[in-house]
Amino acid sequence: MNKINIKLLKKIREETKISIYECKKALDINNHNYEKTINYLKNKICLIKKNKKLKEGIILNKKINNKASMIEINCETDFTNKNKEIIDFAEKILCFIIKNESTNLIKLKKIFHNEKQYLINKFKELIKINKFCFLKSNNINIYLHNFKIGTILSVKNIINKKLKIKNKKIKKIAMHITAINCNNEKTSNNKHLTNKSNLKIKSNNLLDINVNKNKINFLNQPFIFNNKISLNNYLQKNNIKIDKFYKFKIKK
């Protein structure tokens, strides 16, 4: 039986931030070989982190001219998601998405893999680019609440498709979608839903008004800026039709 090397044990503890007990076990398994023990523990940490549910994160969206994008980045702790480097990372990805009109999440992850790994190593926790979306439209706007709920929205003018709609009107609709009660939402993958009012909701684990009753209720909900009218009343009054929208929400 190998004699415990206290200095070696402390060195491994400092390197991995794992308990003394786990470090000692790993040393025994690897015949007190420093490099083998470190690799063994790092692989173990990676496996634990890979299977760990990430409950924290940020939503960020951005609009440039007639294009908009939104992203959700997840992490392990509230401390990390508030860090400026994480927000700057998300901002950089959004600029790339808008410039290149990106739609492929796998390719996006590969492009930003090294920068993500740098942040993982710095904060010592798992960071994940969870999802993103991109929209291009002549009438588009975004809204973000506390980095936790975000919406990007495109609308059309019923009378004349080429006629521009005032940004402040689109913004109000985006704010309404962000603020509505989400208790009746059910998520699903890559579905397009339509109803009699020509509302199209594009969903990718996003907001999905599930059944016909809920789709109608969505339009008939009191408008947050004037509870005497519904969202549908506001849309009809301003000759607006919702084309597409995405809504992201950090769910714990």
# chains A, B, ... in the order shown; residues from 1 in each chain; ligands from 1
>>> residues_around(residues="A:His176", least_positions_apart="6", cutoff="9 Å", atoms="only C-alpha atoms", output="VMD selection string")
chain A and resid 223 to 225 231
>>> residues_around(residues="A:Lys24", least_positions_apart="3", cutoff="12 Å", atoms="only C-alpha atoms", output="list in words")
Asn2, Lys3, Ile4, Asn5, Ile6, Lys7, Leu8, Leu9, Lys10, Lys11, Ile12, Arg13, Ile18, Ser19, Ile20, Tyr21, Leu27, Asp28, Ile29, Asn30, Asn31, His32, Asn33, Tyr34, Thr37, Ile38 and Leu41 of chain A
>>> residues_around(residues="A:Ile86", least_positions_apart="3", cutoff="10 Å", atoms="only C-alpha atoms", output="number ranges by chain")
A: 57-58, 73-75, 80-83, 89-92, 116, 119, 127
>>> atom_distance(atom1="atom CA of A:Ile149", atom2="atom CA of A:Lys249")
4.4 Å
>>> atom_distance(atom1="atom CA of A:Asn130", atom2="atom CA of A:Asn39")
27.5 Å
>>> closest_residue(among="A:Lys162, A:Glu125, A:Asn146, A:Glu56", to="A:Lys17", atoms="only C-alpha atoms")
A:Glu125
>>> select_by_dssp(residues="stretch 84-198 of chain A", states="strand (DSSP E or B)", output="list in words")
Ile127, Lys128, Ile129, Asn130, Lys131, Phe132, Cys133, Phe134, Leu135, Lys136, Ile140, Asn141, Ile142, Tyr143, Leu144, His145, Ile149, Gly150, Thr151, Ile152, Leu153, Ser154, Val155, Lys156, Asn157, Lys191, His192 and Leu193 of chain A
>>> write_last_selection(atoms="C-alpha atoms", output="compact mmCIF listing (two decimals), in the first residue's frame")
# COMPACT_ATOMS: atom_id res chain seq x y z
CA ILE A 127 -21.47 27.34 -20.14
CA LYS A 128 -23.78 26.41 -23.00
CA ILE A 129 -25.06 28.17 -26.11
CA ASN A 130 -28.56 26.74 -25.78
CA LYS A 131 -30.54 28.26 -28.66
CA PHE A 132 -30.87 31.26 -30.92
CA CYS A 133 -33.21 32.65 -33.54
CA PHE A 134 -33.01 35.07 -36.44
CA LEU A 135 -35.65 37.20 -38.16
CA LYS A 136 -35.54 39.50 -41.16
CA ILE A 140 -39.43 44.23 -36.82
CA ASN A 141 -38.74 44.99 -33.18
CA ILE A 142 -37.40 43.45 -29.98
CA TYR A 143 -37.98 43.61 -26.24
CA LEU A 144 -35.92 42.30 -23.33
CA HIS A 145 -36.82 42.06 -19.64
CA ILE A 149 -37.36 37.02 -20.96
CA GLY A 150 -37.00 38.28 -24.49
CA THR A 151 -39.07 38.64 -27.66
CA ILE A 152 -38.35 39.41 -31.29
CA LEU A 153 -41.33 40.14 -33.49
CA SER A 154 -42.13 40.81 -37.14
CA VAL A 155 -45.48 42.21 -38.30
CA LYS A 156 -47.19 43.14 -41.55
CA ASN A 157 -49.52 45.92 -42.61
CA LYS A 191 -43.85 23.85 -35.43
CA HIS A 192 -45.78 26.46 -37.36
CA LEU A 193 -49.26 27.17 -36.02
>>> residues_around(residues="A:Ser102", least_positions_apart="5", cutoff="12 Å", atoms="only C-alpha atoms", output="list in words")
Lys67, Ala68, Ser69, Met70, Ile71, Ile93, Leu94, Cys95, Phe96, Ile97, Lys107, Leu108, Lys109, Ile111, Phe132, Cys133, Phe134, Leu135 and Lys136 of chain A
>>> residues_around(residues="A:Leu235", least_positions_apart="2", cutoff="12 Å", atoms="only C-alpha atoms", output="short mmCIF file (atom, residue, chain, number, x, y, z; two decimals) with N, CA and C atoms, in the first residue's frame")
data_model
loop_
_atom_site.label_atom_id
_atom_site.label_comp_id
_atom_site.auth_asym_id
_atom_site.auth_seq_id
_atom_site.Cartn_x
_atom_site.Cartn_y
_atom_site.Cartn_z
N VAL A 155 -44.06 42.00 -37.99
CA VAL A 155 -45.48 42.21 -38.30
C VAL A 155 -45.64 42.70 -39.73
N LYS A 156 -46.88 42.66 -40.20
CA LYS A 156 -47.19 43.14 -41.55
C LYS A 156 -48.35 44.13 -41.48
N ASN A 157 -48.40 45.00 -42.47
CA ASN A 157 -49.52 45.92 -42.61
C ASN A 157 -50.59 45.24 -43.45
N ILE A 158 -51.79 45.13 -42.93
CA ILE A 158 -52.87 44.44 -43.63
C ILE A 158 -53.23 45.13 -44.94
N ILE A 165 -44.61 50.29 -40.64
CA ILE A 165 -45.38 50.48 -39.40
C ILE A 165 -44.46 51.16 -38.38
N LYS A 169 -45.23 51.15 -32.26
CA LYS A 169 -46.39 50.26 -32.24
C LYS A 169 -45.95 48.80 -32.18
N ILE A 170 -44.92 48.46 -32.96
CA ILE A 170 -44.40 47.09 -32.94
C ILE A 170 -43.79 46.79 -31.57
N LYS A 172 -44.69 47.98 -28.69
CA LYS A 172 -45.75 47.73 -27.72
C LYS A 172 -46.26 46.30 -27.81
N ILE A 173 -46.36 45.79 -29.05
CA ILE A 173 -46.82 44.40 -29.23
C ILE A 173 -45.78 43.43 -28.68
N HIS A 176 -46.02 43.39 -25.02
CA HIS A 176 -47.20 42.62 -24.59
C HIS A 176 -46.89 41.11 -24.61
N SER A 197 -57.10 34.21 -37.46
CA SER A 197 -56.63 35.59 -37.56
C SER A 197 -55.29 35.68 -38.27
N ASN A 198 -54.86 34.58 -38.88
CA ASN A 198 -53.59 34.51 -39.62
C ASN A 198 -52.37 34.73 -38.75
N LEU A 199 -52.52 34.49 -37.45
CA LEU A 199 -51.38 34.58 -36.55
C LEU A 199 -50.47 33.38 -36.78
N LEU A 219 -54.89 36.17 -28.53
CA LEU A 219 -55.30 37.40 -29.20
C LEU A 219 -56.32 38.19 -28.38
N ASN A 220 -57.10 37.47 -27.58
CA ASN A 220 -58.17 38.12 -26.83
C ASN A 220 -57.76 38.59 -25.44
N PHE A 223 -54.98 43.99 -23.60
CA PHE A 223 -53.74 44.61 -24.05
C PHE A 223 -53.09 45.32 -22.87
N ILE A 229 -59.20 47.06 -24.02
CA ILE A 229 -59.20 46.43 -25.34
C ILE A 229 -58.31 45.19 -25.32
N SER A 230 -58.50 44.33 -26.31
CA SER A 230 -57.66 43.13 -26.42
C SER A 230 -56.49 43.41 -27.37
N LEU A 231 -55.53 42.48 -27.40
CA LEU A 231 -54.44 42.59 -28.36
C LEU A 231 -55.00 42.60 -29.77
N ASN A 232 -56.00 41.77 -30.02
CA ASN A 232 -56.61 41.69 -31.34
C ASN A 232 -57.24 43.03 -31.73
N ASN A 233 -57.89 43.71 -30.78
CA ASN A 233 -58.47 45.03 -31.05
C ASN A 233 -57.38 46.01 -31.48
N LYS A 237 -57.19 47.78 -35.11
CA LYS A 237 -57.26 49.25 -35.14
C LYS A 237 -56.10 49.86 -35.92
N ASN A 238 -54.92 49.20 -35.84
CA ASN A 238 -53.73 49.73 -36.52
C ASN A 238 -53.38 49.00 -37.81
N ASN A 239 -54.32 48.17 -38.29
CA ASN A 239 -54.13 47.42 -39.55
C ASN A 239 -52.86 46.57 -39.52
N ILE A 240 -52.60 45.94 -38.38
CA ILE A 240 -51.38 45.14 -38.20
C ILE A 240 -51.73 43.66 -38.10
N LYS A 241 -50.92 42.84 -38.73
CA LYS A 241 -51.02 41.39 -38.59
C LYS A 241 -49.68 40.87 -38.09
N ILE A 242 -49.71 40.05 -37.03
CA ILE A 242 -48.47 39.45 -36.54
C ILE A 242 -48.01 38.40 -37.55
N ASP A 243 -46.77 38.53 -37.99
CA ASP A 243 -46.21 37.57 -38.93
C ASP A 243 -45.55 36.42 -38.18
#
>>> select_by_dssp(residues="stretch 16-206 of chain A", states="helix (DSSP H, G or I)", output="JSON, numbers by chain")
{"A": [16, 20, 21, 22, 23, 24, 25, 26, 27, 28, 29, 34, 35, 36, 37, 38, 39, 40, 41, 42, 43, 44, 45, 46, 47, 48, 49, 50, 78, 79, 80, 81, 84, 85, 86, 87, 88, 89, 90, 91, 92, 93, 94, 95, 96, 97, 98, 99, 100, 105, 106, 107, 108, 109, 110, 111, 113, 114, 115, 116, 117, 118, 119, 120, 121, 122, 123, 167, 168, 169, 170, 171, 172, 173, 174, 175, 176, 177, 178, 179]}
>>> atom_distance(atom1="atom CA of A:Lys62", atom2="atom CA of A:Lys122")
26.0 Å
